[in-house]
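What follows is structure-v1.txt (compact mmCIF, C-alpha atoms and all ligand atoms).
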```
# COMPACT_ATOMS: atom_id res chain seq x y z
CA MET A 1 -71.06 -49.36 138.96
CA CYS A 2 -69.77 -52.88 138.16
CA ALA A 3 -68.35 -53.76 134.74
CA SER A 4 -71.46 -55.40 133.27
CA GLU A 5 -73.69 -52.75 134.83
CA ASN A 6 -75.33 -50.29 132.53
CA ARG A 7 -75.10 -46.57 133.17
CA PHE A 8 -78.65 -45.98 131.94
CA LEU A 9 -80.24 -48.63 134.20
CA ALA A 10 -78.17 -47.35 137.14
CA ALA A 11 -79.52 -43.81 136.61
CA LEU A 12 -83.09 -45.13 136.47
CA ARG A 13 -82.47 -46.87 139.81
CA GLY A 14 -81.53 -43.50 141.27
CA ASP A 15 -77.74 -43.71 141.14
CA THR A 16 -75.82 -40.61 140.16
CA VAL A 17 -73.26 -41.96 137.77
CA GLY A 18 -70.93 -38.97 137.21
CA THR A 19 -71.10 -39.00 133.44
CA PRO A 20 -74.82 -39.24 132.67
CA PRO A 21 -76.10 -41.88 130.22
CA ILE A 22 -77.36 -40.77 126.83
CA TRP A 23 -79.75 -42.06 124.17
CA LEU A 24 -82.06 -40.15 121.81
CA MET A 25 -85.74 -40.45 121.03
CA ARG A 26 -86.12 -41.72 117.45
CA GLN A 27 -82.39 -42.44 117.36
CA ALA A 28 -83.06 -45.01 114.63
CA GLY A 29 -84.57 -43.19 111.69
CA ARG A 30 -84.40 -41.22 108.52
CA TYR A 31 -81.51 -38.90 109.48
CA LEU A 32 -79.23 -41.97 109.14
CA PRO A 33 -78.31 -43.03 105.59
CA GLU A 34 -77.95 -46.65 106.78
CA TYR A 35 -81.58 -46.53 108.01
CA GLN A 36 -82.77 -45.18 104.65
CA GLU A 37 -81.01 -48.07 102.94
CA VAL A 38 -82.82 -50.74 105.00
CA ARG A 39 -86.08 -48.78 104.77
CA ARG A 40 -85.86 -48.92 100.94
CA GLN A 41 -85.57 -52.72 101.09
CA ALA A 42 -88.78 -53.04 103.13
CA ALA A 43 -92.17 -53.15 101.42
CA GLY A 44 -93.45 -50.42 103.75
CA PHE A 45 -92.95 -48.99 107.21
CA LEU A 46 -95.07 -51.67 108.95
CA ASP A 47 -93.20 -54.35 107.04
CA LEU A 48 -90.03 -52.92 108.59
CA CYS A 49 -91.60 -53.06 112.09
CA PHE A 50 -92.73 -56.67 111.63
CA ASN A 51 -89.54 -58.01 110.05
CA PRO A 52 -87.29 -59.06 112.97
CA ASP A 53 -84.07 -59.10 110.91
CA ARG A 54 -84.57 -55.63 109.47
CA ALA A 55 -86.05 -54.14 112.65
CA ALA A 56 -83.15 -55.52 114.71
CA GLU A 57 -80.66 -54.13 112.21
CA VAL A 58 -82.07 -50.57 112.36
CA THR A 59 -82.30 -50.78 116.18
CA LEU A 60 -78.57 -51.55 116.30
CA GLN A 61 -77.43 -48.97 113.71
CA PRO A 62 -77.34 -45.92 116.03
CA ILE A 63 -75.56 -48.00 118.72
CA ARG A 64 -72.79 -48.94 116.28
CA ARG A 65 -72.44 -45.40 114.97
CA PHE A 66 -72.68 -43.40 118.21
CA GLY A 67 -72.25 -45.82 121.14
CA PHE A 68 -75.39 -44.76 123.04
CA ASP A 69 -76.00 -46.28 126.49
CA ALA A 70 -79.37 -47.69 125.42
CA ALA A 71 -81.01 -49.02 122.28
CA ILE A 72 -84.74 -48.54 121.81
CA LEU A 73 -86.66 -51.28 120.07
CA PHE A 74 -87.55 -50.30 116.52
CA SER A 75 -91.33 -50.49 116.24
CA ASP A 76 -94.18 -47.98 116.43
CA ILE A 77 -96.95 -47.07 118.85
CA LEU A 78 -99.51 -47.81 116.11
CA VAL A 79 -98.63 -51.51 116.18
CA VAL A 80 -101.24 -51.81 118.96
CA PRO A 81 -104.31 -50.59 117.01
CA TYR A 82 -103.08 -52.67 114.07
CA ALA A 83 -102.88 -55.76 116.31
CA LEU A 84 -106.41 -55.03 117.57
CA GLY A 85 -107.60 -55.30 113.97
CA GLN A 86 -107.79 -51.66 112.89
CA PRO A 87 -106.25 -51.12 109.43
CA VAL A 88 -103.12 -48.91 109.67
CA ASP A 89 -101.03 -47.63 106.79
CA PHE A 90 -98.03 -45.32 106.57
CA LEU A 91 -98.11 -43.19 103.45
CA GLU A 92 -94.85 -41.69 102.18
CA GLY A 93 -94.63 -38.08 103.29
CA GLU A 94 -98.08 -38.11 104.91
CA GLY A 95 -97.60 -40.06 108.13
CA PRO A 96 -99.96 -42.71 109.49
CA LYS A 97 -103.46 -43.33 108.10
CA LEU A 98 -106.05 -45.45 109.95
CA ASP A 99 -109.71 -46.22 109.24
CA PRO A 100 -111.17 -43.93 111.94
CA ILE A 101 -113.27 -45.52 114.70
CA ARG A 102 -116.18 -43.40 115.94
CA SER A 103 -119.04 -45.87 116.36
CA GLU A 104 -120.08 -48.72 118.61
CA ASP A 105 -119.46 -51.21 115.78
CA GLY A 106 -115.95 -49.88 115.30
CA VAL A 107 -115.08 -50.19 118.99
CA ARG A 108 -116.64 -53.66 119.31
CA ALA A 109 -114.68 -54.86 116.28
CA LEU A 110 -111.41 -54.28 118.18
CA SER A 111 -110.40 -57.77 119.15
CA LEU A 112 -107.86 -58.93 121.71
CA GLY A 113 -107.84 -62.45 120.29
CA LYS A 114 -105.29 -61.81 117.56
CA VAL A 115 -103.01 -59.37 119.36
CA GLU A 116 -100.46 -61.97 120.44
CA ALA A 117 -100.04 -63.42 116.95
CA ALA A 118 -99.75 -59.94 115.46
CA VAL A 119 -97.03 -58.70 117.83
CA THR A 120 -94.98 -61.90 118.02
CA PRO A 121 -92.55 -60.66 115.30
CA VAL A 122 -91.82 -57.57 117.43
CA TRP A 123 -91.00 -59.83 120.40
CA ARG A 124 -88.63 -61.77 118.08
CA THR A 125 -86.95 -58.44 117.26
CA VAL A 126 -86.41 -57.81 120.97
CA GLU A 127 -84.79 -61.24 121.41
CA LYS A 128 -82.58 -60.74 118.41
CA VAL A 129 -81.44 -57.26 119.46
CA ARG A 130 -80.74 -58.38 123.03
CA SER A 131 -78.61 -61.27 121.79
CA GLU A 132 -76.56 -58.97 119.52
CA LEU A 133 -76.28 -55.94 121.81
CA PRO A 134 -73.10 -55.41 123.89
CA GLY A 135 -73.69 -56.30 127.57
CA ASP A 136 -73.23 -52.72 128.76
CA VAL A 137 -75.92 -51.33 126.42
CA ALA A 138 -79.49 -51.54 127.74
CA LEU A 139 -82.53 -52.35 125.62
CA ILE A 140 -85.67 -50.21 126.00
CA GLY A 141 -89.12 -51.50 125.03
CA PHE A 142 -92.03 -49.11 124.55
CA ALA A 143 -95.67 -48.51 123.77
CA GLY A 144 -97.92 -45.51 123.31
CA ALA A 145 -100.12 -44.43 126.20
CA PRO A 146 -103.83 -45.19 125.58
CA TRP A 147 -104.83 -41.52 125.13
CA THR A 148 -102.19 -40.90 122.44
CA VAL A 149 -102.96 -44.18 120.68
CA ALA A 150 -106.69 -43.36 120.81
CA THR A 151 -106.09 -39.99 119.13
CA TYR A 152 -104.81 -41.83 116.05
CA MET A 153 -107.57 -44.45 116.25
CA VAL A 154 -110.38 -41.87 116.30
CA GLU A 155 -108.86 -39.13 114.15
CA GLY A 156 -107.64 -41.64 111.57
CA GLY A 157 -104.13 -40.15 111.64
CA GLY A 158 -102.31 -37.14 113.01
CA SER A 159 -104.32 -34.11 114.06
CA LYS A 160 -103.81 -30.43 114.84
CA ASP A 161 -106.79 -29.84 117.14
CA PHE A 162 -107.90 -33.36 118.18
CA ALA A 163 -111.49 -32.22 117.66
CA SER A 164 -112.88 -35.66 116.72
CA VAL A 165 -111.29 -37.65 119.53
CA LYS A 166 -112.23 -35.05 122.15
CA ALA A 167 -115.82 -34.83 120.89
CA PHE A 168 -116.03 -38.64 120.89
CA ALA A 169 -114.57 -38.98 124.39
CA LEU A 170 -116.88 -36.32 125.82
CA SER A 171 -120.11 -37.30 124.09
CA GLU A 172 -119.67 -41.11 124.12
CA PRO A 173 -117.79 -41.63 127.40
CA GLN A 174 -118.75 -45.29 127.80
CA LEU A 175 -117.78 -46.21 124.27
CA PHE A 176 -114.54 -44.25 124.58
CA GLN A 177 -113.82 -46.08 127.85
CA GLU A 178 -114.40 -49.42 126.12
CA MET A 179 -111.90 -48.44 123.45
CA ILE A 180 -109.37 -47.36 126.10
CA ASP A 181 -109.91 -50.62 128.03
CA ARG A 182 -109.05 -52.67 124.94
CA VAL A 183 -105.97 -50.57 124.27
CA VAL A 184 -104.88 -50.98 127.93
CA GLU A 185 -105.23 -54.77 127.75
CA ALA A 186 -103.44 -55.07 124.42
CA THR A 187 -100.66 -52.77 125.62
CA VAL A 188 -100.06 -54.76 128.82
CA LEU A 189 -99.80 -57.96 126.76
CA TYR A 190 -97.49 -56.28 124.23
CA LEU A 191 -95.18 -54.80 126.90
CA ALA A 192 -95.08 -57.96 129.04
CA GLY A 193 -93.94 -59.89 125.94
CA GLN A 194 -91.24 -57.29 125.24
CA ILE A 195 -89.94 -57.70 128.80
CA SER A 196 -89.98 -61.49 128.73
CA SER A 197 -88.13 -61.30 125.38
CA GLY A 198 -85.33 -59.14 126.83
CA ALA A 199 -86.41 -55.49 127.20
CA GLN A 200 -84.77 -54.11 130.37
CA ALA A 201 -86.76 -50.89 130.73
CA ILE A 202 -90.08 -49.67 129.35
CA LYS A 203 -91.08 -46.24 128.12
CA ILE A 204 -94.69 -45.11 127.73
CA PHE A 205 -95.12 -42.33 125.15
CA ASP A 206 -98.05 -39.98 125.79
CA SER A 207 -97.11 -37.63 122.98
CA TRP A 208 -100.45 -35.79 122.99
CA ALA A 209 -100.98 -35.48 126.76
CA GLY A 210 -100.69 -31.72 126.27
CA ALA A 211 -103.90 -31.66 124.20
CA VAL A 212 -106.07 -32.95 127.07
CA PRO A 213 -108.27 -30.44 128.96
CA ALA A 214 -106.97 -30.10 132.53
CA ASP A 215 -110.21 -31.45 134.04
CA ARG A 216 -109.87 -34.66 131.98
CA PHE A 217 -106.14 -35.19 132.63
CA GLY A 218 -106.89 -37.68 135.41
CA ALA A 219 -109.37 -39.71 133.36
CA TRP A 220 -107.71 -39.70 129.96
CA VAL A 221 -103.98 -39.55 130.74
CA ILE A 222 -103.33 -40.72 134.30
CA GLU A 223 -105.85 -43.50 134.88
CA PRO A 224 -105.24 -45.65 131.76
CA THR A 225 -101.46 -45.26 132.09
CA ARG A 226 -101.66 -46.06 135.81
CA ARG A 227 -103.38 -49.35 135.00
CA ILE A 228 -100.63 -50.30 132.55
CA VAL A 229 -97.85 -49.39 134.99
CA ALA A 230 -99.55 -51.32 137.82
CA ALA A 231 -99.99 -54.44 135.67
CA ILE A 232 -96.37 -54.36 134.52
CA LYS A 233 -95.07 -53.69 138.03
CA GLN A 234 -97.10 -56.59 139.42
CA ARG A 235 -95.45 -59.02 137.00
CA TYR A 236 -92.04 -57.38 136.65
CA PRO A 237 -91.36 -55.27 139.76
CA ASP A 238 -87.70 -54.77 138.86
CA ILE A 239 -88.22 -53.41 135.35
CA PRO A 240 -88.02 -49.59 135.40
CA VAL A 241 -90.80 -47.66 133.67
CA ILE A 242 -90.30 -44.19 132.16
CA GLY A 243 -93.38 -42.04 131.63
CA PHE A 244 -93.50 -39.29 128.99
CA PRO A 245 -96.55 -37.01 129.23
CA ARG A 246 -95.41 -34.64 126.49
CA GLY A 247 -96.76 -31.12 126.86
CA ALA A 248 -98.26 -31.71 130.33
CA GLY A 249 -96.77 -28.45 131.67
CA THR A 250 -97.58 -27.90 135.34
CA LEU A 251 -99.37 -31.29 135.41
CA TYR A 252 -96.07 -33.21 135.19
CA HIS A 253 -95.98 -33.24 138.98
CA ARG A 254 -99.45 -34.73 139.27
CA TYR A 255 -98.58 -37.34 136.65
CA VAL A 256 -95.44 -38.38 138.51
CA ASP A 257 -97.20 -38.51 141.91
CA ALA A 258 -100.05 -40.67 140.59
CA LEU A 259 -98.25 -43.24 138.49
CA GLY A 260 -95.54 -45.07 140.42
CA ILE A 261 -93.11 -44.69 137.53
CA ASP A 262 -89.33 -44.89 137.98
CA ALA A 263 -88.37 -41.90 135.84
CA VAL A 264 -90.03 -39.12 133.87
CA ALA A 265 -89.13 -37.96 130.38
CA VAL A 266 -89.56 -34.23 129.93
CA ASP A 267 -90.38 -32.21 126.78
CA PRO A 268 -88.57 -29.00 125.71
CA SER A 269 -91.29 -26.62 126.97
CA VAL A 270 -90.39 -27.44 130.60
CA PRO A 271 -87.89 -24.99 132.19
CA ILE A 272 -84.75 -26.40 133.80
CA ASP A 273 -85.81 -25.33 137.31
CA GLN A 274 -89.02 -27.38 136.95
CA MET A 275 -86.90 -30.35 135.84
CA ARG A 276 -84.81 -29.90 138.98
CA ALA A 277 -87.95 -29.82 141.09
CA LEU A 278 -89.10 -33.08 139.47
CA GLN A 279 -85.67 -34.52 140.24
CA ASP A 280 -86.47 -34.17 143.99
CA GLY A 281 -88.79 -37.14 143.48
CA LEU A 282 -87.30 -39.31 140.74
CA PRO A 283 -84.71 -39.46 137.92
CA VAL A 284 -85.47 -37.21 134.95
CA GLN A 285 -84.71 -37.61 131.25
CA GLY A 286 -84.59 -34.92 128.59
CA ASN A 287 -85.14 -32.28 127.36
CA LEU A 288 -82.99 -30.70 124.61
CA ASP A 289 -85.10 -29.30 121.81
CA PRO A 290 -84.24 -31.29 118.64
CA ALA A 291 -83.78 -27.95 116.84
CA TYR A 292 -80.45 -27.43 118.70
CA LEU A 293 -79.17 -30.62 117.11
CA MET A 294 -80.02 -29.24 113.68
CA ALA A 295 -78.24 -25.95 114.41
CA GLY A 296 -75.09 -27.62 115.82
CA GLY A 297 -71.95 -25.73 116.84
CA GLU A 298 -71.90 -23.45 119.85
CA ILE A 299 -75.67 -23.00 119.97
CA GLN A 300 -75.91 -26.75 120.53
CA SER A 301 -72.99 -27.14 122.93
CA ASP A 302 -74.14 -24.22 125.12
CA ALA A 303 -77.62 -25.71 125.48
CA VAL A 304 -76.16 -29.13 126.30
CA ASN A 305 -73.89 -27.53 128.89
CA SER A 306 -76.85 -25.81 130.59
CA LEU A 307 -78.66 -29.13 130.98
CA LEU A 308 -75.58 -30.98 132.24
CA SER A 309 -74.63 -28.29 134.77
CA ALA A 310 -78.16 -28.07 136.14
CA LEU A 311 -79.12 -31.75 136.24
CA ALA A 312 -76.17 -34.16 136.07
CA ASP A 313 -75.34 -33.99 139.80
CA ARG A 314 -78.48 -36.05 140.45
CA PRO A 315 -80.01 -39.05 138.62
CA TYR A 316 -80.32 -37.86 135.04
CA VAL A 317 -80.55 -39.38 131.56
CA PHE A 318 -79.50 -37.09 128.73
CA ASN A 319 -82.02 -37.07 125.87
CA LEU A 320 -83.95 -34.84 123.53
CA GLY A 321 -87.35 -33.51 124.55
CA HIS A 322 -88.92 -35.23 121.55
CA GLY A 323 -87.86 -37.20 118.50
CA ILE A 324 -84.79 -36.28 116.46
CA ASN A 325 -85.62 -34.40 113.27
CA ARG A 326 -84.98 -36.23 109.97
CA PHE A 327 -82.81 -33.37 108.64
CA THR A 328 -80.35 -33.55 111.57
CA PRO A 329 -76.70 -33.89 110.44
CA PRO A 330 -75.32 -37.10 112.03
CA GLU A 331 -72.06 -35.20 112.85
CA HIS A 332 -74.03 -33.03 115.27
CA VAL A 333 -75.19 -36.18 117.07
CA ALA A 334 -71.59 -37.43 117.27
CA ALA A 335 -70.52 -34.06 118.79
CA LEU A 336 -73.35 -34.28 121.34
CA VAL A 337 -72.30 -37.76 122.46
CA ALA A 338 -68.65 -36.66 122.77
CA GLN A 339 -69.66 -33.67 124.91
CA VAL A 340 -71.82 -35.74 127.26
CA ARG A 341 -69.11 -38.42 127.55
CA ALA A 342 -66.53 -35.75 128.48
CA TRP A 343 -68.72 -34.48 131.35
CA LYS A 344 -67.22 -35.34 134.70
CA GLY A 345 -69.61 -33.41 136.95
O1 LIG A 401 -87.21 -44.01 118.95
C1 LIG A 401 -86.87 -44.90 118.14
O2 LIG A 401 -85.81 -44.85 117.46
C2 LIG A 401 -87.72 -46.17 118.06
C3 LIG A 401 -88.74 -46.21 117.11
C4 LIG A 401 -90.00 -45.36 117.20
C5 LIG A 401 -90.71 -45.00 116.05
N1 LIG A 401 -91.87 -44.40 116.43
C6 LIG A 401 -90.28 -45.27 114.66
C7 LIG A 401 -90.85 -44.46 113.56
C8 LIG A 401 -90.73 -44.89 118.31
C9 LIG A 401 -90.39 -44.96 119.78
C10 LIG A 401 -91.92 -44.30 117.80
C11 LIG A 401 -92.98 -43.73 118.66
C12 LIG A 401 -94.09 -43.00 118.05
N2 LIG A 401 -94.72 -43.25 116.86
C13 LIG A 401 -94.74 -41.92 118.66
C14 LIG A 401 -94.42 -41.38 120.04
C15 LIG A 401 -93.22 -40.54 120.08
C16 LIG A 401 -93.32 -39.25 119.32
O3 LIG A 401 -92.56 -39.07 118.37
O4 LIG A 401 -94.18 -38.42 119.71
C17 LIG A 401 -95.76 -41.49 117.80
C18 LIG A 401 -96.72 -40.34 118.03
C19 LIG A 401 -95.74 -42.36 116.66
C20 LIG A 401 -96.68 -42.35 115.50
C21 LIG A 401 -95.97 -42.11 114.23
N3 LIG A 401 -95.11 -43.00 113.63
C22 LIG A 401 -96.06 -40.96 113.43
C23 LIG A 401 -96.89 -39.72 113.72
C24 LIG A 401 -95.22 -41.18 112.31
C25 LIG A 401 -95.04 -40.28 111.11
C26 LIG A 401 -94.18 -39.13 111.41
C27 LIG A 401 -92.81 -39.35 110.85
O5 LIG A 401 -91.83 -39.02 111.55
O6 LIG A 401 -92.74 -39.78 109.70
C28 LIG A 401 -94.62 -42.45 112.49
C29 LIG A 401 -93.63 -43.08 111.58
C30 LIG A 401 -92.33 -43.51 112.16
N4 LIG A 401 -92.18 -44.19 113.35
C31 LIG A 401 -91.05 -43.33 111.57
C32 LIG A 401 -90.12 -43.94 112.44
C33 LIG A 401 -88.63 -44.06 112.23
C34 LIG A 401 -90.76 -42.67 110.22
C35 LIG A 401 -91.36 -43.51 109.11
C36 LIG A 401 -90.42 -43.95 108.02
O7 LIG A 401 -89.23 -44.24 108.21
O8 LIG A 401 -90.92 -44.07 106.91
```

Can I see the file as structure tokens?
Amino acid sequence: MCASENRFLAALRGDTVGTPPIWLMRQAGRYLPEYQEVRRQAAGFLDLCFNPDRAAEVTLQPIRRFGFDAAILFSDILVVPYALGQPVDFLEGEGPKLDPIRSEDGVRALSLGKVEAAVTPVWRTVEKVRSELPGDVALIGFAGAPWTVATYMVEGGGSKDFASVKAFALSEPQLFQEMIDRVVEATVLYLAGQISSGAQAIKIFDSWAGAVPADRFGAWVIEPTRRIVAAIKQRYPDIPVIGFPRGAGTLYHRYVDALGIDAVAVDPSVPIDQMRALQDGLPVQGNLDPAYLMAGGEIQSDAVNSLLSALADRPYVFNLGHGINRFTPPEHVAALVAQVRAWKG
């Protein structure tokens, strides 16, 4: 590993780097008092995402505090439906709210024409972060996978059973496909702009892949994501792509085989021996349950040790299995980073 080389990018290339790199999903967020301070200054959550100065600041905060190996752009997966013209709002304590789309008119109103103008501030954030980030810290860009983004677009927000989006996809397959096609196109544009602005790796979040019936996994999860990966790889063959089909269980292997991704992020429901089996094919990232970071102490350090002993002898990126919880004590994060840094393999 040369001096300017980044540990995280090296692991994604398949190098075993001794001490594995570490970053955390949702590492910028409400568990940090300095995030809350900037968040209070913004008019709303989307205003924070679309303000390059503020978004760059909160992207950099966890790097300054903890010295992670990678920063992840501060934005949200719902920037894409917003850019396609669907109204999106984030209500305090309630999560995202969208005007649900369940009709032909709703799908046809999604317009690619204004996507570029809408996401340009996010690209400015990427440029700004890259110019301020130390050379040995990588910058990750991201987007939601079309299925996960579509769940919010059709349900109008979060959901427990995904009844509306599944009913829509099954009973109006052509209309659903048209919606997915627009999301795919907008996402490729959005990600390509992140890369040309300075993102050095891309992560695709399919947070609700686990809600898809097994016989639709190919059509709803794999195929739209495969198109995005292929389009990005065609333009930027050297930019590593991490896929995250959260909750995919035994279908992780199929996902990895079909997609041509460089690494796979794994959720906490996946046993360590399945992670090792995935590691036969590509670098893995994950999968500490965020609850361990809330508990802290020995409970936390034992779980971290298990992951490091099982996985760090091959290409591995230490991470949580999903986003950090807002009630996590920052000292527990500092202890985690110290433990991973002390690992010599
Ligand atoms: O990881 C990071 O630090 C980068 C920023 C990031 C955010 N959202 C910021 C955010 C990333 C990568 C996301 C991805 C995202 N957004 C996903 C996929 C990953 C996952 O967690 O499953 C999803 C499903 C969303 C949609 C979304 N955004 C929801 C459901 C919510 C509300 C839930 C919550 O935690 O409040 C958001 C809001 C959101 N996105 C917050 C942050 C920091 C909290 C809002 C706030 O500060 O007011």

Could you please extract the residues within 6 Å of ligand LIG 401 (chain A), counting all atoms listed in the file, and hand them back as number ranges by chain? A: 25-30, 45, 72-77, 95-96, 205, 207, 323

May I ask for the distance between atom CA of Val154 of chain A and atom CA of Leu191 of chain A, given in Å to one decimal place?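 One can read the atom CA of Val154 of chain A to atom CA of Leu191 of chain A distance as 22.6 Å.
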
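A straight line drawn from atom CA of Gly157 of chain A to atom CA of Arg102 of chain A is 13.2 Å long.
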
Could you tell me which of A:Gly243, A:Gly210, A:Pro315, A:Pro173 comes closest to Glu104 of chain A if we count all atoms listed in the file?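 Of the candidates, the smallest distance to Glu104 of chain A is held by A:Pro173.
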
Kindly give the distance, in Å, that separates atom CA of Met153 of chain A and atom CA of Trp123 of chain A, rounded to a single decimal. 23.0 Å

Given the choices A:Leu336, A:Leu98, A:Leu12, A:Ala83, which gets closest to Val284 of chain A if the distance is worked out from only C-alpha atoms?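 That would be A:Leu12, the residue with the smallest distance to Val284 of chain A.
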
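Nearest residue to Arg314 of chain A among A:Pro329, A:Gly296, A:Pro134, A:Pro283 is A:Pro283, counting only C-alpha atoms.
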
Among the residues A:Ala211, A:Met179, A:Leu46, A:Ile299, the one that comes closest to Ala163 of chain A [using all atoms listed in the file]: A:Ala211

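Across A:Gly198, A:Gly18, A:Pro100, A:Gly281, the tightest approach to Glu155 of chain A is made by A:Pro100 when counting only C-alpha atoms.
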
Between A:Lys97, A:Arg130, A:Arg226, A:Arg216, single out the one closest to Ile204 of chain A, counting all atoms listed in the file.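 Nearest candidate to Ile204 of chain A out of A:Lys97, A:Arg130, A:Arg226, A:Arg216: A:Arg226.
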
Could you name the residues that touch Asn6 of chain A at 8 Å or less, counting all atoms listed in the file, but leaving out those on the same chain fewer than 4 positions away, as a ChimeraX atom specification? /A:1,10,69,135-138

Non-local contacts of Val270 of chain A (10 Å; all atoms listed in the file; under 5 positions in same chain excluded) as a list in words: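 My list of contacting residues is Arg246, Gly247, Ala248, Gly249, Thr250, Tyr252, Met275, Gly286, Asn287 and Gly321 of chain A.
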
Got a sec: who's within 12 Å of Pro20 of chain A, counting only C-alpha atoms, leaving out chain neighbours fewer than 5 positions off, as JSON, numbers by chain? {"A": [6, 7, 8, 9, 10, 11, 12, 14, 15, 68, 69, 283, 284, 285, 286, 307, 308, 309, 311, 312, 313, 314, 315, 316, 317, 318, 319, 337, 338, 339, 340, 341, 342, 343, 344, 345]}

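For Arg235 of chain A, the non-local neighbours within 12 Å, defined as residues at least 6 positions apart in the same chain or in other chains and counting all atoms listed in the file, are Val188, Leu189, Leu191, Ala192, Gly193, Ile195, Ser196, Ile228 and Val229 of chain A.
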
For segment 322-336 of chain A, which lacks atoms in the input, supply N, CA and C atoms and format the output as a compact mmCIF listing (two decimals), keeping the file's coordinate frame.
```
# COMPACT_ATOMS: atom_id res chain seq x y z
N HIS A 322 -88.12 -34.31 122.39
CA HIS A 322 -88.92 -35.23 121.55
C HIS A 322 -88.05 -35.76 120.43
N GLY A 323 -88.65 -36.43 119.45
CA GLY A 323 -87.86 -37.20 118.50
C GLY A 323 -86.92 -36.36 117.64
N ILE A 324 -85.78 -36.95 117.30
CA ILE A 324 -84.79 -36.28 116.46
C ILE A 324 -85.41 -35.98 115.09
N ASN A 325 -85.07 -34.82 114.56
CA ASN A 325 -85.62 -34.40 113.27
C ASN A 325 -84.88 -35.11 112.13
N ARG A 326 -85.59 -35.45 111.06
CA ARG A 326 -84.98 -36.23 109.97
C ARG A 326 -83.88 -35.47 109.23
N PHE A 327 -83.83 -34.14 109.35
CA PHE A 327 -82.81 -33.37 108.64
C PHE A 327 -81.61 -33.03 109.53
N THR A 328 -81.47 -33.76 110.65
CA THR A 328 -80.35 -33.55 111.57
C THR A 328 -79.05 -34.13 110.98
N PRO A 329 -77.98 -33.33 110.90
CA PRO A 329 -76.70 -33.89 110.44
C PRO A 329 -76.16 -34.89 111.48
N PRO A 330 -75.84 -36.11 111.07
CA PRO A 330 -75.32 -37.10 112.03
C PRO A 330 -74.07 -36.61 112.77
N GLU A 331 -73.26 -35.72 112.16
CA GLU A 331 -72.06 -35.20 112.85
C GLU A 331 -72.44 -34.43 114.11
N HIS A 332 -73.61 -33.77 114.08
CA HIS A 332 -74.03 -33.03 115.27
C HIS A 332 -74.37 -34.00 116.41
N VAL A 333 -74.88 -35.16 116.05
CA VAL A 333 -75.19 -36.18 117.07
C VAL A 333 -73.88 -36.70 117.66
N ALA A 334 -72.89 -36.94 116.79
CA ALA A 334 -71.59 -37.43 117.27
C ALA A 334 -70.97 -36.41 118.24
N ALA A 335 -71.08 -35.11 117.91
CA ALA A 335 -70.52 -34.06 118.79
C ALA A 335 -71.26 -34.04 120.13
N LEU A 336 -72.56 -34.23 120.10
CA LEU A 336 -73.35 -34.28 121.34
C LEU A 336 -72.87 -35.42 122.24
```
